[in-house]
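Asks: First, the structure itself, so that you have it in front of you.
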Amino acid sequence: MDARSAALVRANFRSVIESPNGPERLVSAFYGHLFAENPRLRELFPPAMEMQAKRIATAIQYVLDHLEDWDRAQKFLEQLARDHRKYGVEAAHYDIAGRALLAAFRVYNGAAWNRSLEEGWRDITILISASMAIGANSDKSQPVWEATVVGHRRVLEDLAIVRLQSDGPVPYQAGQYVPVTIPQRPKMWRYFSPAIPSNPYGEIEFHVRKIRGGWVSPAIVNETRVGDRWRIAGPLGGLHVDRDSGRDVLMIGAGTGIAPLRAQLIEMGQRGINPRVHFFIGGRYPCDLYDVENMWQLSQSNPWLTIVPVCEQKTNPWWYPHPPQDAPYGMHRRLIGNLGAVVASFGAWEDRQIQIAGSARMIADTRRALIAVGTPEQNISCDPV
């Protein structure tokens, strides 16, 4: 695609994003054309699809942002297609989806549609559909694993640790995340990072916090019972420690965002030699550092690991139901302040490979704080949330 066409479709999509309910209207037209051409495809999706507009708009924006670096865009689209295998979407469906997406832009633009937009968006939709078809065809592993809940522990009022036994080992790497659907909310897939490394026994652990107004996380925290059958799809994401880089590691995690970092550290603890790791664990209140004692214990047998707890507040909120207890080992050494600001106060960490995991806001704030003190942006890794 030439520079003029790329600029044209980017400007056109920007008008969609900036228009009130623009993404929702575009995606509604997309699904209207998709299901009109093949009504059976509707059965693959959950009844409630309000999240789809944001997800599709985000994916299109990523592609448009990386037109000049197409290898990166194609890798993203291929992974997206592999993820869609959990719905039952096959490679042949992407040709239909490409036509539906082009038709959606045509309908959305109405009288403003012209030959240049038609040609530009046709090129984009062909690139997207072809890349996703390649991704769908490239993965021959099973798309979904079944697993049984064998443990459910309420750590906080809004946080639970769930342990499962899968019917077969799920081949994820420590640091990756997996799509999950539960019997209380069938077909509503959500993404969680296993908090322990993959093992041949099929044991998996998830740390789940309720999202206010959410559909799935409240059901996991409040309603999950031992014996429930979950479905887990193929792994995604790329957080990992590059052991060949020669660089030490900085990990920054908040809340249940510690899970992918925790899994990597447990796996590293099974090896003899590792790079030095500083792990900053953050939370608003001390009770949010629910797993810090386990991480301290891990550090005692692994001298390459340093744990630094950080809280925004010195004490727990008055509504925290548990009686006062002695602080977990090492909690008396916790630092007080915003997690990103505290980490940045130690310098640029420019010699480290850096991983950040947590909420979207926490990741953005921490990235901004590090870059402001001179951290090379290319040293920072984080997965989308």
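Please note that chains go A, B, ... in the order of the structure tokens, that every chain numbers its residues from 1, and that ligands are numbered from 1 in the order shown.
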Give me, as a list of chain:residue names, all polymer residues having an atom no more than 6 Å from range 138-148 of chain A, counting only C-alpha atoms and skipping those fewer than 4 positions away in the same chain.
Replies: A:Arg85, A:Lys86, A:Leu164, A:Gln165, A:Ser166, A:Asp167, A:Gly227, A:Asp228, A:Arg229, A:Trp230, A:Arg231, A:Ile232, A:Ala233, A:Gly234
Asks: Let's have the selection written as a PDB file, in the first residue's frame, with N, CA and C atoms.
Replies:
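As written to disk, selection.pdb reads:
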```
ATOM      1  N   ARG A  85      -9.627 -19.626  17.378  1.00  0.00           N
ATOM      2  CA  ARG A  85      -9.957 -21.044  17.209  1.00  0.00           C
ATOM      3  C   ARG A  85     -10.839 -21.547  18.345  1.00  0.00           C
ATOM      4  N   LYS A  86     -10.743 -20.899  19.514  1.00  0.00           N
ATOM      5  CA  LYS A  86     -11.550 -21.336  20.655  1.00  0.00           C
ATOM      6  C   LYS A  86     -13.043 -21.154  20.391  1.00  0.00           C
ATOM      7  N   LEU A 164      -6.943 -25.579  39.377  1.00  0.00           N
ATOM      8  CA  LEU A 164      -7.629 -26.505  38.473  1.00  0.00           C
ATOM      9  C   LEU A 164      -6.720 -27.665  38.108  1.00  0.00           C
ATOM     10  N   GLN A 165      -7.360 -28.749  37.711  1.00  0.00           N
ATOM     11  CA  GLN A 165      -6.661 -29.908  37.170  1.00  0.00           C
ATOM     12  C   GLN A 165      -7.190 -30.120  35.759  1.00  0.00           C
ATOM     13  N   SER A 166      -6.344 -29.891  34.760  1.00  0.00           N
ATOM     14  CA  SER A 166      -6.790 -30.051  33.382  1.00  0.00           C
ATOM     15  C   SER A 166      -6.724 -31.521  32.966  1.00  0.00           C
ATOM     16  N   ASP A 167      -7.509 -31.860  31.955  1.00  0.00           N
ATOM     17  CA  ASP A 167      -7.535 -33.245  31.483  1.00  0.00           C
ATOM     18  C   ASP A 167      -6.216 -33.644  30.830  1.00  0.00           C
ATOM     19  N   GLY A 227     -15.290 -28.817  41.516  1.00  0.00           N
ATOM     20  CA  GLY A 227     -16.003 -29.705  40.604  1.00  0.00           C
ATOM     21  C   GLY A 227     -16.480 -29.023  39.334  1.00  0.00           C
ATOM     22  N   ASP A 228     -16.506 -27.676  39.330  1.00  0.00           N
ATOM     23  CA  ASP A 228     -16.881 -26.955  38.107  1.00  0.00           C
ATOM     24  C   ASP A 228     -15.925 -27.319  36.977  1.00  0.00           C
ATOM     25  N   ARG A 229     -16.450 -27.357  35.768  1.00  0.00           N
ATOM     26  CA  ARG A 229     -15.629 -27.664  34.598  1.00  0.00           C
ATOM     27  C   ARG A 229     -15.400 -26.383  33.799  1.00  0.00           C
ATOM     28  N   TRP A 230     -14.148 -26.004  33.665  1.00  0.00           N
ATOM     29  CA  TRP A 230     -13.760 -24.829  32.885  1.00  0.00           C
ATOM     30  C   TRP A 230     -13.201 -25.282  31.545  1.00  0.00           C
ATOM     31  N   ARG A 231     -13.187 -24.349  30.596  1.00  0.00           N
ATOM     32  CA  ARG A 231     -12.533 -24.572  29.311  1.00  0.00           C
ATOM     33  C   ARG A 231     -11.396 -23.557  29.174  1.00  0.00           C
ATOM     34  N   ILE A 232     -10.242 -24.033  28.746  1.00  0.00           N
ATOM     35  CA  ILE A 232      -9.042 -23.191  28.607  1.00  0.00           C
ATOM     36  C   ILE A 232      -8.531 -23.314  27.183  1.00  0.00           C
ATOM     37  N   ALA A 233      -8.332 -22.177  26.532  1.00  0.00           N
ATOM     38  CA  ALA A 233      -7.857 -22.183  25.145  1.00  0.00           C
ATOM     39  C   ALA A 233      -6.351 -21.942  25.085  1.00  0.00           C
ATOM     40  N   GLY A 234      -5.835 -21.939  23.858  1.00  0.00           N
ATOM     41  CA  GLY A 234      -4.400 -21.869  23.639  1.00  0.00           C
ATOM     42  C   GLY A 234      -3.761 -20.603  24.174  1.00  0.00           C
TER      43      GLY A 234
END
```
Asks: Taking only C-alpha atoms into account, produce a table as a tab-separated table in which each residue of range 225-327 of chain A with an atom at most 7 Å from an atom of range 348-359 of chain A appears once, together with its shortest atom pair and the distance in Å to one decimal, ordered by chain and rising number.
Replies:
```
residue	atom	partner	partner_atom	distance
A:Arg247	CA	A:Arg352	CA	5.6
A:Asp248	CA	A:Arg352	CA	5.1
A:Val249	CA	A:Gln353	CA	4.9
A:Leu250	CA	A:Ile354	CA	4.7
A:Met251	CA	A:Gln355	CA	4.9
A:Ile252	CA	A:Ile356	CA	4.8
A:Gly253	CA	A:Ala357	CA	4.9
A:Ala254	CA	A:Gly358	CA	5.1
A:Gly255	CA	A:Gly358	CA	6.6
A:Thr256	CA	A:Gly358	CA	6.9
A:Gly257	CA	A:Gly358	CA	4.0
A:Ile258	CA	A:Ala357	CA	6.4
```
Asks: Using only C-alpha atoms, pick whichever of A:Asn338, A:Gln264, A:Ser131, A:Gln300 has the shortest atom-to-atom distance to Lys314 in chain A.
Replies: A:Asn338
Asks: Using the chain letters and numbers from this document, which residues of range 41-250 of chain A does DSSP assign to strand (DSSP E), as an NGL selection string?
Replies: :A and (144-156 or 159-166 or 178-181 or 190-192 or 203-209 or 229-233 or 248-250)
Asks: Just want the 7 Å neighbourhood of Ile196 in chain A, counted on only C-alpha atoms, with same-chain residues fewer than 5 positions away dropped. Output as a list in words.
Replies: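 My list of contacting residues is Ile204, Glu205, Arg262, Ala263 and Ile266 of chain A.
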Asks: Find the residues near Arg55 in chain A: any atom within 10 Å, counting only C-alpha atoms, skip ones fewer than 5 places away on the same chain, and give them as a ChimeraX atom specification.
Replies: /A:23,27,50,60-61
Asks: Considering only C-alpha atoms, state which residue in the set A:Asp365, A:Glu78, A:Asp288, A:Glu223 is at the smallest distance from Glu312 in chain A.
Replies: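 Of the candidates, the smallest distance to Glu312 in chain A is held by A:Asp288.
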Asks: Between A:Ala103, A:Val310, A:Val241, A:Val343, which one has atoms that come closest to Ala372 in chain A, using only C-alpha atoms?
Replies: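 Using only C-alpha atoms, Ala372 in chain A sits closest to A:Val343.
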Asks: Which residues, written as a PyMOL selection string, have at least one atom at most 10 Å from range 16-18 of chain A, with only C-alpha atoms counted and residues fewer than 2 positions away on the same chain left out?
Replies: chain A and resi 10-14+20-26+54+57-58+61+105+108-109
Asks: Can those selected residues be exported to a file as a short mmCIF file (atom, residue, chain, number, x, y, z; two decimals), in the first residue's frame so that it contains N, CA and C atoms?
Replies:
```cif
data_model
loop_
_atom_site.label_atom_id
_atom_site.label_comp_id
_atom_site.auth_asym_id
_atom_site.auth_seq_id
_atom_site.Cartn_x
_atom_site.Cartn_y
_atom_site.Cartn_z
N ARG A 10 -6.08 5.75 7.38
CA ARG A 10 -5.84 6.13 8.78
C ARG A 10 -6.72 7.31 9.18
N ALA A 11 -6.80 8.29 8.31
CA ALA A 11 -7.65 9.45 8.59
C ALA A 11 -9.12 9.04 8.67
N ASN A 12 -9.53 8.14 7.79
CA ASN A 12 -10.91 7.69 7.79
C ASN A 12 -11.23 6.92 9.07
N PHE A 13 -10.30 6.06 9.51
CA PHE A 13 -10.56 5.30 10.73
C PHE A 13 -10.52 6.20 11.95
N ARG A 14 -9.68 7.23 11.91
CA ARG A 14 -9.66 8.19 13.02
C ARG A 14 -11.02 8.86 13.17
N PRO A 20 -19.04 9.91 18.00
CA PRO A 20 -19.83 9.29 19.07
C PRO A 20 -20.42 7.96 18.60
N ASN A 21 -20.13 6.91 19.36
CA ASN A 21 -20.59 5.55 19.03
C ASN A 21 -20.12 5.07 17.66
N GLY A 22 -19.04 5.68 17.17
CA GLY A 22 -18.52 5.28 15.85
C GLY A 22 -18.10 3.83 15.79
N PRO A 23 -17.25 3.35 16.72
CA PRO A 23 -16.85 1.93 16.67
C PRO A 23 -18.05 0.99 16.80
N GLU A 24 -19.01 1.34 17.65
CA GLU A 24 -20.18 0.49 17.83
C GLU A 24 -21.00 0.38 16.53
N ARG A 25 -21.17 1.50 15.83
CA ARG A 25 -21.93 1.49 14.58
C ARG A 25 -21.20 0.71 13.50
N LEU A 26 -19.88 0.87 13.44
CA LEU A 26 -19.08 0.14 12.45
C LEU A 26 -19.16 -1.36 12.70
N LYS A 54 -14.94 -2.51 21.00
CA LYS A 54 -13.63 -2.05 21.47
C LYS A 54 -12.52 -2.97 20.97
N ALA A 57 -12.00 -2.54 17.12
CA ALA A 57 -11.40 -1.24 16.84
C ALA A 57 -9.93 -1.22 17.25
N THR A 58 -9.62 -1.83 18.39
CA THR A 58 -8.23 -1.88 18.85
C THR A 58 -7.36 -2.68 17.87
N GLN A 61 -6.82 -0.64 14.69
CA GLN A 61 -5.88 0.45 14.95
C GLN A 61 -4.45 -0.07 15.00
N PHE A 105 -17.43 -0.70 6.37
CA PHE A 105 -16.86 0.64 6.14
C PHE A 105 -17.65 1.37 5.05
N TYR A 108 -20.88 2.50 6.73
CA TYR A 108 -20.62 3.52 7.74
C TYR A 108 -20.37 4.89 7.10
N ASN A 109 -19.57 4.91 6.03
CA ASN A 109 -19.21 6.18 5.40
C ASN A 109 -20.34 6.77 4.56
#
```
Asks: Counting only C-alpha atoms, which of A:Pro235, A:Gly135, A:Gly202, A:Pro194 gets nearest to Leu77 in chain A?
Replies: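 Smallest separation from Leu77 in chain A among the options: A:Gly135.
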